[in-house]
Amino acid sequence: MAIHYVCRHCRTYLGTIRKSEATETQLGLNSLTPAERRDIIAYDSDGEITVKVTCDYCKQALDNNPELSLLASPLQ
């Protein structure tokens with residue numbers, strides 16, 4: 001089983017951590033509220049976890065153009 005990281009905006013694959021290498025507590029996922037967990041973390045039927053984060057490219061684009069955050073899919 002693994003934890004996959006993808007950008008929530010451009011859906012770029014950012015990396016994978018084997019679940020045996022780190023726990024949700026070590027990754028800080030346990031500190032999320034239930035609403036944040038539903039928004040950020042997805043579980044599939046094989047036990048794989050996908051965590052939606054913002055990549056550096058999209059963060060820079062959103063920082064430089066804050067109006068993009070008003071769009072549903074600003075950087076796709």
# chains A, B, ... in the order shown; residues from 1 in each chain; ligands from 1

call {"tool": "residues_around", "arguments": {"residues": "region 3-20 of chain A", "least_positions_apart": "6", "cutoff": "10 Å", "atoms": "only C-alpha atoms", "output": "NGL selection string"}}
result
:A and (27 or 39-43 or 47-59 or 69 or 72-76)

call {"tool": "write_last_selection", "arguments": {"atoms": "N, CA and C atoms", "output": "compact mmCIF listing (two decimals), in the first residue's frame"}}
result
# COMPACT_ATOMS: atom_id res chain seq x y z
N LEU A 27 3.18 12.02 8.78
CA LEU A 27 2.96 12.90 7.64
C LEU A 27 2.07 14.09 7.99
N ASP A 39 -11.73 16.51 1.78
CA ASP A 39 -11.31 17.32 0.64
C ASP A 39 -9.93 16.93 0.12
N ILE A 40 -9.04 16.50 1.00
CA ILE A 40 -7.63 16.30 0.64
C ILE A 40 -7.27 14.84 0.40
N ILE A 41 -7.88 13.91 1.12
CA ILE A 41 -7.47 12.51 1.07
C ILE A 41 -8.54 11.65 0.41
N ALA A 42 -8.09 10.80 -0.51
CA ALA A 42 -9.00 9.84 -1.16
C ALA A 42 -8.44 8.44 -0.96
N TYR A 43 -9.30 7.51 -0.64
CA TYR A 43 -8.92 6.11 -0.45
C TYR A 43 -9.52 5.28 -1.57
N GLY A 47 -6.71 -0.04 -0.91
CA GLY A 47 -6.03 0.48 0.25
C GLY A 47 -5.03 1.57 -0.06
N GLU A 48 -4.95 1.97 -1.31
CA GLU A 48 -4.06 3.06 -1.70
C GLU A 48 -4.68 4.39 -1.27
N ILE A 49 -3.84 5.35 -0.95
CA ILE A 49 -4.29 6.67 -0.51
C ILE A 49 -3.75 7.70 -1.49
N THR A 50 -4.60 8.65 -1.90
CA THR A 50 -4.16 9.77 -2.72
C THR A 50 -4.37 11.04 -1.93
N VAL A 51 -3.32 11.83 -1.82
CA VAL A 51 -3.38 13.10 -1.09
C VAL A 51 -3.25 14.22 -2.12
N LYS A 52 -4.22 15.13 -2.12
CA LYS A 52 -4.22 16.26 -3.05
C LYS A 52 -3.56 17.46 -2.37
N VAL A 53 -2.45 17.92 -2.94
CA VAL A 53 -1.71 19.07 -2.44
C VAL A 53 -1.55 20.06 -3.60
N THR A 54 -0.85 21.15 -3.38
CA THR A 54 -0.59 22.13 -4.44
C THR A 54 0.90 22.09 -4.78
N CYS A 55 1.20 21.86 -6.05
CA CYS A 55 2.60 21.81 -6.48
C CYS A 55 3.19 23.22 -6.50
N ASP A 56 4.51 23.30 -6.58
CA ASP A 56 5.20 24.59 -6.56
C ASP A 56 4.77 25.48 -7.73
N TYR A 57 4.60 24.89 -8.91
CA TYR A 57 4.21 25.67 -10.09
C TYR A 57 2.83 26.32 -9.88
N CYS A 58 1.88 25.53 -9.40
CA CYS A 58 0.53 26.06 -9.19
C CYS A 58 0.50 27.06 -8.04
N LYS A 59 1.29 26.81 -7.00
CA LYS A 59 1.34 27.76 -5.89
C LYS A 59 1.85 29.10 -6.37
N SER A 69 -7.91 31.65 -7.99
CA SER A 69 -8.50 30.80 -6.93
C SER A 69 -10.02 30.86 -6.93
N ALA A 72 -13.18 27.22 -10.57
CA ALA A 72 -13.27 25.82 -10.11
C ALA A 72 -12.03 25.02 -10.49
N SER A 73 -11.54 25.20 -11.70
CA SER A 73 -10.34 24.48 -12.18
C SER A 73 -9.39 25.48 -12.83
N PRO A 74 -8.67 26.25 -12.05
CA PRO A 74 -7.91 27.35 -12.62
C PRO A 74 -6.70 26.99 -13.45
N LEU A 75 -6.07 25.86 -13.19
CA LEU A 75 -4.79 25.58 -13.83
C LEU A 75 -4.76 24.25 -14.58
N GLN A 76 -5.86 23.86 -15.11
CA GLN A 76 -5.89 22.59 -15.85
C GLN A 76 -5.70 22.81 -17.31

call {"tool": "select_by_dssp", "arguments": {"residues": "chain A", "states": "alpha helix (DSSP H)", "output": "list in words"}}
result
Glu24, Thr25, Gln26, Leu27, Pro34, Ala35, Glu36, Arg37, Arg38, Asp39, Ile40, Asp56, Tyr57, Cys58, Lys59, Gln60, Ala61, Leu62, Asp63 and Asn64 of chain A

call {"tool": "select_by_dssp", "arguments": {"residues": "chain A", "states": "strand (DSSP E)", "output": "JSON, numbers by chain"}}
result
{"A": [2, 3, 4, 5, 6, 7, 13, 14, 15, 16, 17, 18, 41, 42, 43, 49, 50, 51, 52, 53]}

call {"tool": "write_last_selection", "arguments": {"atoms": "C-alpha atoms", "output": "PDB file, in the first residue's frame"}}
result
ATOM      1  CA  ALA A   2       1.139   3.536  -0.690  1.00  0.00           C
ATOM      2  CA  ILE A   3       0.329   7.185  -0.267  1.00  0.00           C
ATOM      3  CA  HIS A   4       0.369   9.025  -3.604  1.00  0.00           C
ATOM      4  CA  TYR A   5       0.679  12.798  -3.828  1.00  0.00           C
ATOM      5  CA  VAL A   6      -0.880  14.695  -6.746  1.00  0.00           C
ATOM      6  CA  CYS A   7      -1.456  18.382  -7.377  1.00  0.00           C
ATOM      7  CA  TYR A  13       1.972  13.290  -9.977  1.00  0.00           C
ATOM      8  CA  LEU A  14       4.350  14.484  -7.245  1.00  0.00           C
ATOM      9  CA  GLY A  15       5.489  11.270  -5.612  1.00  0.00           C
ATOM     10  CA  THR A  16       4.692   8.204  -3.555  1.00  0.00           C
ATOM     11  CA  ILE A  17       5.506   7.160  -0.038  1.00  0.00           C
ATOM     12  CA  ARG A  18       5.193   3.503   0.877  1.00  0.00           C
ATOM     13  CA  ILE A  41      -7.467  12.511   1.074  1.00  0.00           C
ATOM     14  CA  ALA A  42      -8.998   9.839  -1.158  1.00  0.00           C
ATOM     15  CA  TYR A  43      -8.920   6.108  -0.447  1.00  0.00           C
ATOM     16  CA  ILE A  49      -4.290   6.668  -0.513  1.00  0.00           C
ATOM     17  CA  THR A  50      -4.157   9.765  -2.725  1.00  0.00           C
ATOM     18  CA  VAL A  51      -3.380  13.098  -1.093  1.00  0.00           C
ATOM     19  CA  LYS A  52      -4.218  16.259  -3.046  1.00  0.00           C
ATOM     20  CA  VAL A  53      -1.711  19.067  -2.441  1.00  0.00           C
TER      21      VAL A  53
END

call {"tool": "atom_distance", "arguments": {"atom1": "CA of Met1 (chain A)", "atom2": "CA of Ala22 (chain A)"}}
result
11.3 Å
